[in-house]
Amino acid sequence: MQTTPATTSSTPSSTRVEALIHQHLLLERGFLSGGECMPVEDWPWIDVGEAIARCALAPEHLVGERTIALFTMEQDYPDCFQGFLLFTDRRVVGRYPRINGTHADVHLRYGWIGAAQLTKGMLSQKLTVQHGDQAVELAFGAYDEQLKAFFDALAQIPPAQREPAPRPLCAPSEADPTGARGAAAQLIEPDDQRNAFLLEYIARAHAAGEIPVEIGADLVSRVVLQSRNETFGRGVCDGSWMSPLGRDDLSNVLVALYKNPVRHVEEPDRALTFDVRNKVDKVLDAIDRVDAVLSLDVMGAIGPTGDVNLFTCLMRDTGSFCSFRLLDGNLPLRQRAPDLTEELHAQLDRLEAVMVLRRCAFGWNAPATTLMHTPSSDLIARFASVMGDFDATILGRPQDQRTRKRD
């Protein structure tokens with residue numbers, strides 16, 4: 001596989017970390033000989049989603065964390081996720097298999113990493129990395145030497161220079177009251193015309209007096225979170241997944257996917273329990289998409305879910321996003337059914353795009369129960385009233401054009 005340099009940010013610390021990853025870990029250094037480690041623009045996106053679904057140590061989108069590279073110990077699916085590392089511009093997370101059949105989680109912040117030591121025995125070897133005041137053991141076999149070289153080089157950079165400055169979801173200013181234009185300037189995907197369009201629409205609608213500044217800033221945060229979820233994988237906050245939707249919109253999306261919940265608890269957090277066997281395989285067929293160009297493929301059935309028939313989504317509104325957890329009883333769903341967790345994330349990505357698009361157009365006046373089925377003609381007319389005539393094809397998601405590796 002030919003690798004190309006990942007897109008680097010203007011932040012010096014992020015650039016230096018990415019340079020070390022390319023120098024010590026990518027193909028030309030042999031890190032790929034038994035697995036996969038590739039720059040972000042070449043990822044098969046299903047792999048990133050599965051890695052995140054299995055470890056729940058996902059990007060922290062509130063501070064603008066960016067994923068850089070994914071490494072898996074094995075090449076063939078699904079064995080590739082028995083051991084993997086996900087590198088971001090702030091940390092490395094993942095898991096590796098233990099001899100006893102369990103897995104050890106990895107979570108190392110670059111600013112805390114110190115010396116690395118590789119101890120070789122007759123039958124095995126051990127890589128130990130100093131992380132703050134703890135010595136953390138890693139076991140990635142033939143790749144330990146490359147990892148040690150990376151950690152040693154990282155330790156030569158002063159800790160304060162290893163992580164970039166935070167990039168909030170929305171940063172309003174006097175010249176940019178909703179933060180829309182500043183957010184548009186920081187979009188990572190060069191072909192992300194959809195989110196750039198939505199942000200420009202919010203800025204113009206506010207300038208025309210059609211969107212109050214508070215609602216405009218709220219919508220900007222949701223568009224940026226949707227963009228970061230699509231580009232870098234679903235984010236987490238305080239151990240919960242992040243959705244750009246409000247709680248009611250997320251609830252209705254799940255009902256569209258799995259019909260009415262079999263249990264519904266409202267306090268202290270909303271808890272909806274769904275039966276996987278009630279899944280709706282062609283939910284997107286029922287949505288009147290903008291000029292039929294949203295590029296949202298018909299959803300197929302979810303793959304094998306093992307013994308899991310019910311799952312619970314525990315959710316709460318948290319500022320300009322909804323935090324949620326997926327559970328099987330009292331256990332995280334990822335522990336019992338990682339394939340189901342990843343498929344849920346993938347399906348939510350597509351329907352969240354539908355809902356964010358509609359919330360930008362109609363604000364918070366439209367009921368959540370009817371918003372998903374708003375006619376596309378109304379949606380186009382609403383955007384055109386502010387933006388003038390436009391090419392509706394830009395409202396498609398570039399992520400849906402990528403090839404899914406397992407297809």
# chains A, B, ... in the order shown; residues from 1 in each chain; ligands from 1

call {"tool": "residues_around", "arguments": {"residues": "Glu210 in chain A", "least_positions_apart": "5", "cutoff": "10 Å", "atoms": "only C-alpha atoms", "output": "ChimeraX atom specification"}}
result
/A:202,204-205,216,363,386

call {"tool": "write_last_selection", "arguments": {"atoms": "N, CA and C atoms", "output": "CSV table (one decimal), in the first residue's frame"}}
result
chain,number,residue,atom,x,y,z
A,202,ILE,N,-26.1,29.8,8.2
A,202,ILE,CA,-26.4,30.3,9.6
A,202,ILE,C,-25.9,31.7,9.7
A,204,ARG,N,-25.5,34.0,7.4
A,204,ARG,CA,-26.4,34.9,6.6
A,204,ARG,C,-27.8,35.1,7.2
A,205,ALA,N,-28.3,33.9,7.7
A,205,ALA,CA,-29.7,34.0,8.3
A,205,ALA,C,-29.7,34.9,9.6
A,216,GLY,N,-28.2,30.6,16.6
A,216,GLY,CA,-27.2,30.5,15.6
A,216,GLY,C,-25.9,29.8,16.1
A,363,GLY,N,-34.7,25.6,12.5
A,363,GLY,CA,-34.5,25.9,13.9
A,363,GLY,C,-35.1,24.9,14.8
A,386,VAL,N,-32.6,32.3,1.8
A,386,VAL,CA,-31.4,33.0,2.4
A,386,VAL,C,-30.2,33.0,1.5

call {"tool": "residues_around", "arguments": {"residues": "Leu108 in chain A", "least_positions_apart": "2", "cutoff": "7 Å", "atoms": "only C-alpha atoms", "output": "list of chain:residue names"}}
result
A:Arg91, A:Val92, A:Val93, A:Val106, A:Tyr110, A:His131

call {"tool": "write_last_selection", "arguments": {"atoms": "N, CA and C atoms", "output": "compact mmCIF listing (two decimals), in the first residue's frame"}}
result
# COMPACT_ATOMS: atom_id res chain seq x y z
N ARG A 91 -3.05 11.89 21.96
CA ARG A 91 -2.84 10.66 22.72
C ARG A 91 -2.88 9.46 21.79
N VAL A 92 -2.57 8.30 22.36
CA VAL A 92 -2.75 7.04 21.65
C VAL A 92 -3.62 6.14 22.52
N VAL A 93 -4.65 5.54 21.93
CA VAL A 93 -5.57 4.68 22.66
C VAL A 93 -5.72 3.38 21.89
N VAL A 106 -5.35 0.58 26.32
CA VAL A 106 -4.23 1.50 26.23
C VAL A 106 -4.78 2.92 26.18
N TYR A 110 0.17 12.14 25.22
CA TYR A 110 1.51 12.48 24.79
C TYR A 110 2.25 13.32 25.82
N HIS A 131 4.35 6.63 32.01
CA HIS A 131 3.21 7.51 31.73
C HIS A 131 2.84 8.21 33.03

call {"tool": "closest_residue", "arguments": {"among": "A:Phe390, A:Phe71, A:Phe151, A:Phe197", "to": "Val129 in chain A", "atoms": "only C-alpha atoms"}}
result
A:Phe151

call {"tool": "select_by_dssp", "arguments": {"residues": "range 43-202 of chain A", "states": "alpha helix (DSSP H)", "output": "ChimeraX atom specification"}}
result
/A:45-55,144-155,180-185,193-202

call {"tool": "residues_around", "arguments": {"residues": "Asn309 in chain A", "least_positions_apart": "2", "cutoff": "7 Å", "atoms": "only C-alpha atoms", "output": "list in words"}}
result
Asp275, Val276, Arg277, Asp307 and Phe311 of chain A

call {"tool": "write_last_selection", "arguments": {"atoms": "C-alpha atoms", "output": "PDB file, in the first residue's frame"}}
result
ATOM      1  CA  ASP A 275     -35.522  -4.707  20.531  1.00  0.00           C
ATOM      2  CA  VAL A 276     -32.910  -5.313  17.820  1.00  0.00           C
ATOM      3  CA  ARG A 277     -35.292  -7.738  16.123  1.00  0.00           C
ATOM      4  CA  ASP A 307     -27.079 -13.143  22.375  1.00  0.00           C
ATOM      5  CA  PHE A 311     -30.201  -2.577  24.157  1.00  0.00           C
TER       6      PHE A 311
END

call {"tool": "closest_atom_pairs", "arguments": {"of": "range 139-215 of chain A", "to": "range 15-27 of chain A", "cutoff": "10 Å", "atoms": "only C-alpha atoms", "output": "CSV"}}
result
residue,atom,partner,partner_atom,distance
A:Tyr143,CA,A:Leu25,CA,8.9
A:Glu145,CA,A:His24,CA,9.6
A:Gln146,CA,A:His24,CA,6.0
A:Leu147,CA,A:Leu25,CA,7.2
A:Lys148,CA,A:His24,CA,9.1
A:Ala149,CA,A:His24,CA,6.5
A:Phe150,CA,A:His24,CA,5.6
A:Phe151,CA,A:Leu20,CA,9.1
A:Ala153,CA,A:Leu20,CA,7.2
A:Leu154,CA,A:Val17,CA,7.3
A:Ile157,CA,A:Arg16,CA,8.7
A:Gln161,CA,A:Arg16,CA,8.9
A:Arg162,CA,A:Val17,CA,6.8
A:Glu163,CA,A:Val17,CA,8.3
A:Pro164,CA,A:Thr15,CA,9.0

call {"tool": "write_last_selection", "arguments": {"atoms": "N, CA and C atoms", "output": "JSON list (two decimals), in the first residue's frame"}}
result
[["chain", "number", "residue", "atom", "x", "y", "z"],
["A", 143, "TYR", "N", 6.00, -5.39, 16.67],
["A", 143, "TYR", "CA", 5.92, -3.94, 16.47],
["A", 143, "TYR", "C", 6.44, -3.15, 17.66],
["A", 145, "GLU", "N", 9.42, -2.65, 18.78],
["A", 145, "GLU", "CA", 10.61, -1.84, 18.54],
["A", 145, "GLU", "C", 10.25, -0.52, 17.86],
["A", 146, "GLN", "N", 9.33, -0.56, 16.88],
["A", 146, "GLN", "CA", 8.91, 0.69, 16.26],
["A", 146, "GLN", "C", 8.18, 1.59, 17.24],
["A", 147, "LEU", "N", 7.35, 0.98, 18.09],
["A", 147, "LEU", "CA", 6.64, 1.77, 19.10],
["A", 147, "LEU", "C", 7.64, 2.41, 20.06],
["A", 148, "LYS", "N", 8.63, 1.68, 20.49],
["A", 148, "LYS", "CA", 9.64, 2.25, 21.38],
["A", 148, "LYS", "C", 10.34, 3.43, 20.72],
["A", 149, "ALA", "N", 10.69, 3.30, 19.42],
["A", 149, "ALA", "CA", 11.34, 4.41, 18.73],
["A", 149, "ALA", "C", 10.45, 5.64, 18.69],
["A", 150, "PHE", "N", 9.16, 5.42, 18.49],
["A", 150, "PHE", "CA", 8.22, 6.55, 18.49],
["A", 150, "PHE", "C", 8.14, 7.20, 19.87],
["A", 151, "PHE", "N", 7.98, 6.39, 20.93],
["A", 151, "PHE", "CA", 7.88, 6.96, 22.27],
["A", 151, "PHE", "C", 9.18, 7.66, 22.69],
["A", 153, "ALA", "N", 11.33, 9.17, 20.71],
["A", 153, "ALA", "CA", 11.41, 10.44, 19.99],
["A", 153, "ALA", "C", 10.42, 11.44, 20.56],
["A", 154, "LEU", "N", 9.22, 10.97, 20.93],
["A", 154, "LEU", "CA", 8.22, 11.86, 21.52],
["A", 154, "LEU", "C", 8.71, 12.43, 22.84],
["A", 157, "ILE", "N", 10.54, 15.79, 22.95],
["A", 157, "ILE", "CA", 9.81, 17.06, 22.80],
["A", 157, "ILE", "C", 9.33, 17.51, 24.17],
["A", 161, "GLN", "N", 4.73, 21.08, 24.57],
["A", 161, "GLN", "CA", 4.70, 21.30, 23.12],
["A", 161, "GLN", "C", 4.18, 20.08, 22.35],
["A", 162, "ARG", "N", 3.69, 19.07, 23.06],
["A", 162, "ARG", "CA", 3.27, 17.84, 22.38],
["A", 162, "ARG", "C", 1.80, 17.84, 21.97],
["A", 163, "GLU", "N", 1.00, 18.69, 22.57],
["A", 163, "GLU", "CA", -0.43, 18.69, 22.28],
["A", 163, "GLU", "C", -0.85, 20.07, 21.79],
["A", 164, "PRO", "N", -1.76, 20.15, 20.81],
["A", 164, "PRO", "CA", -2.18, 21.44, 20.28],
["A", 164, "PRO", "C", -3.12, 22.17, 21.23]]

call {"tool": "closest_atom_pairs", "arguments": {"of": "range 247-267 of chain A", "to": "range 365-385 of chain A", "cutoff": "9 Å", "atoms": "only C-alpha atoms", "output": "CSV"}}
result
residue,atom,partner,partner_atom,distance
A:Asp248,CA,A:Ala368,CA,6.2
A:Asp249,CA,A:Ala368,CA,5.3
A:Leu250,CA,A:Ala368,CA,8.9
A:Ser251,CA,A:Ala368,CA,8.9
A:Asn252,CA,A:Thr369,CA,6.3
A:Val253,CA,A:Met372,CA,8.2

call {"tool": "write_last_selection", "arguments": {"atoms": "C-alpha atoms", "output": "PDB file, in the first residue's frame"}}
result
ATOM      1  CA  ASP A 248     -35.879  14.436  21.393  1.00  0.00           C
ATOM      2  CA  ASP A 249     -34.391  14.290  17.900  1.00  0.00           C
ATOM      3  CA  LEU A 250     -32.070  11.429  18.876  1.00  0.00           C
ATOM      4  CA  SER A 251     -35.017   9.579  20.426  1.00  0.00           C
ATOM      5  CA  ASN A 252     -37.027   9.881  17.232  1.00  0.00           C
ATOM      6  CA  VAL A 253     -34.091   8.715  15.104  1.00  0.00           C
TER       7      VAL A 253
END

call {"tool": "closest_residue", "arguments": {"among": "A:Ala51, A:Val308, A:Ala346, A:Ala171", "to": "Glu230 in chain A", "atoms": "only C-alpha atoms"}}
result
A:Ala346

call {"tool": "atom_distance", "arguments": {"atom1": "CA of Leu70 in chain A", "atom2": "CA of Leu86 in chain A"}}
result
4.6 Å

call {"tool": "select_by_dssp", "arguments": {"residues": "range 155-328 of chain A", "states": "strand (DSSP E or B)", "output": "MDAnalysis selection string"}}
result
chainID A and resid 236:237 240:243 263:265 270:275 310:318 321:328

call {"tool": "closest_atom_pairs", "arguments": {"of": "range 240-264 of chain A", "to": "range 313-326 of chain A", "cutoff": "7 Å", "atoms": "only C-alpha atoms", "output": "CSV"}}
result
residue,atom,partner,partner_atom,distance
A:Ser240,CA,A:Arg325,CA,5.4
A:Trp241,CA,A:Phe324,CA,5.2
A:Met242,CA,A:Ser323,CA,4.8
A:Ser243,CA,A:Cys322,CA,5.1
A:Pro244,CA,A:Phe321,CA,4.8
A:Leu245,CA,A:Phe321,CA,5.8
A:Gly246,CA,A:Cys322,CA,5.5
A:Arg247,CA,A:Asp317,CA,5.6

call {"tool": "write_last_selection", "arguments": {"atoms": "N, CA and C atoms", "output": "mmCIF file, in the first residue's frame"}}
result
data_model
loop_
_atom_site.group_PDB
_atom_site.id
_atom_site.type_symbol
_atom_site.label_atom_id
_atom_site.label_comp_id
_atom_site.auth_asym_id
_atom_site.auth_seq_id
_atom_site.Cartn_x
_atom_site.Cartn_y
_atom_site.Cartn_z
ATOM 1 N N SER A 240 -19.301 9.317 27.738
ATOM 2 C CA SER A 240 -20.516 9.101 26.943
ATOM 3 C C SER A 240 -20.270 9.513 25.504
ATOM 4 N N TRP A 241 -20.979 8.857 24.580
ATOM 5 C CA TRP A 241 -20.897 9.239 23.172
ATOM 6 C C TRP A 241 -21.539 10.597 22.957
ATOM 7 N N MET A 242 -21.136 11.278 21.890
ATOM 8 C CA MET A 242 -21.662 12.612 21.585
ATOM 9 C C MET A 242 -22.482 12.565 20.297
ATOM 10 N N SER A 243 -23.688 13.123 20.358
ATOM 11 C CA SER A 243 -24.530 13.277 19.176
ATOM 12 C C SER A 243 -24.817 14.752 18.969
ATOM 13 N N PRO A 244 -24.811 15.229 17.712
ATOM 14 C CA PRO A 244 -25.138 16.636 17.467
ATOM 15 C C PRO A 244 -26.626 16.933 17.603
ATOM 16 N N LEU A 245 -27.431 15.923 17.828
ATOM 17 C CA LEU A 245 -28.868 16.118 17.949
ATOM 18 C C LEU A 245 -29.260 16.466 19.373
ATOM 19 N N GLY A 246 -30.450 17.041 19.521
ATOM 20 C CA GLY A 246 -31.047 17.158 20.835
ATOM 21 C C GLY A 246 -31.617 15.819 21.263
ATOM 22 N N ARG A 247 -31.973 15.713 22.527
ATOM 23 C CA ARG A 247 -32.449 14.434 23.053
ATOM 24 C C ARG A 247 -33.704 13.951 22.340
#

call {"tool": "residues_around", "arguments": {"residues": "Ala104 in chain A", "least_positions_apart": "6", "cutoff": "9 Å", "atoms": "only C-alpha atoms", "output": "PyMOL selection string"}}
result
chain A and resi 94-98+138

call {"tool": "residues_around", "arguments": {"residues": "range 59-61 of chain A", "least_positions_apart": "3", "cutoff": "6 Å", "atoms": "only C-alpha atoms", "output": "ChimeraX atom specification"}}
result
/A:64-65,235-236

call {"tool": "write_last_selection", "arguments": {"atoms": "N, CA and C atoms", "output": "compact mmCIF listing (two decimals), in the first residue's frame"}}
result
# COMPACT_ATOMS: atom_id res chain seq x y z
N GLY A 64 -11.42 19.67 20.02
CA GLY A 64 -10.93 19.58 18.66
C GLY A 64 -9.89 18.51 18.42
N GLU A 65 -9.92 17.42 19.18
CA GLU A 65 -8.95 16.35 18.99
C GLU A 65 -9.11 15.72 17.61
N GLY A 235 -17.25 11.20 18.74
CA GLY A 235 -16.56 11.70 19.91
C GLY A 235 -17.17 11.23 21.22
N VAL A 236 -16.42 11.44 22.29
CA VAL A 236 -16.89 11.14 23.64
C VAL A 236 -16.71 12.36 24.53

call {"tool": "atom_distance", "arguments": {"atom1": "CA of Gln125 in chain A", "atom2": "CA of Ile113 in chain A"}}
result
20.2 Å

call {"tool": "closest_residue", "arguments": {"among": "A:Val265, A:Ala353, A:Leu340, A:Leu272", "to": "Ser227 in chain A", "atoms": "only C-alpha atoms"}}
result
A:Ala353
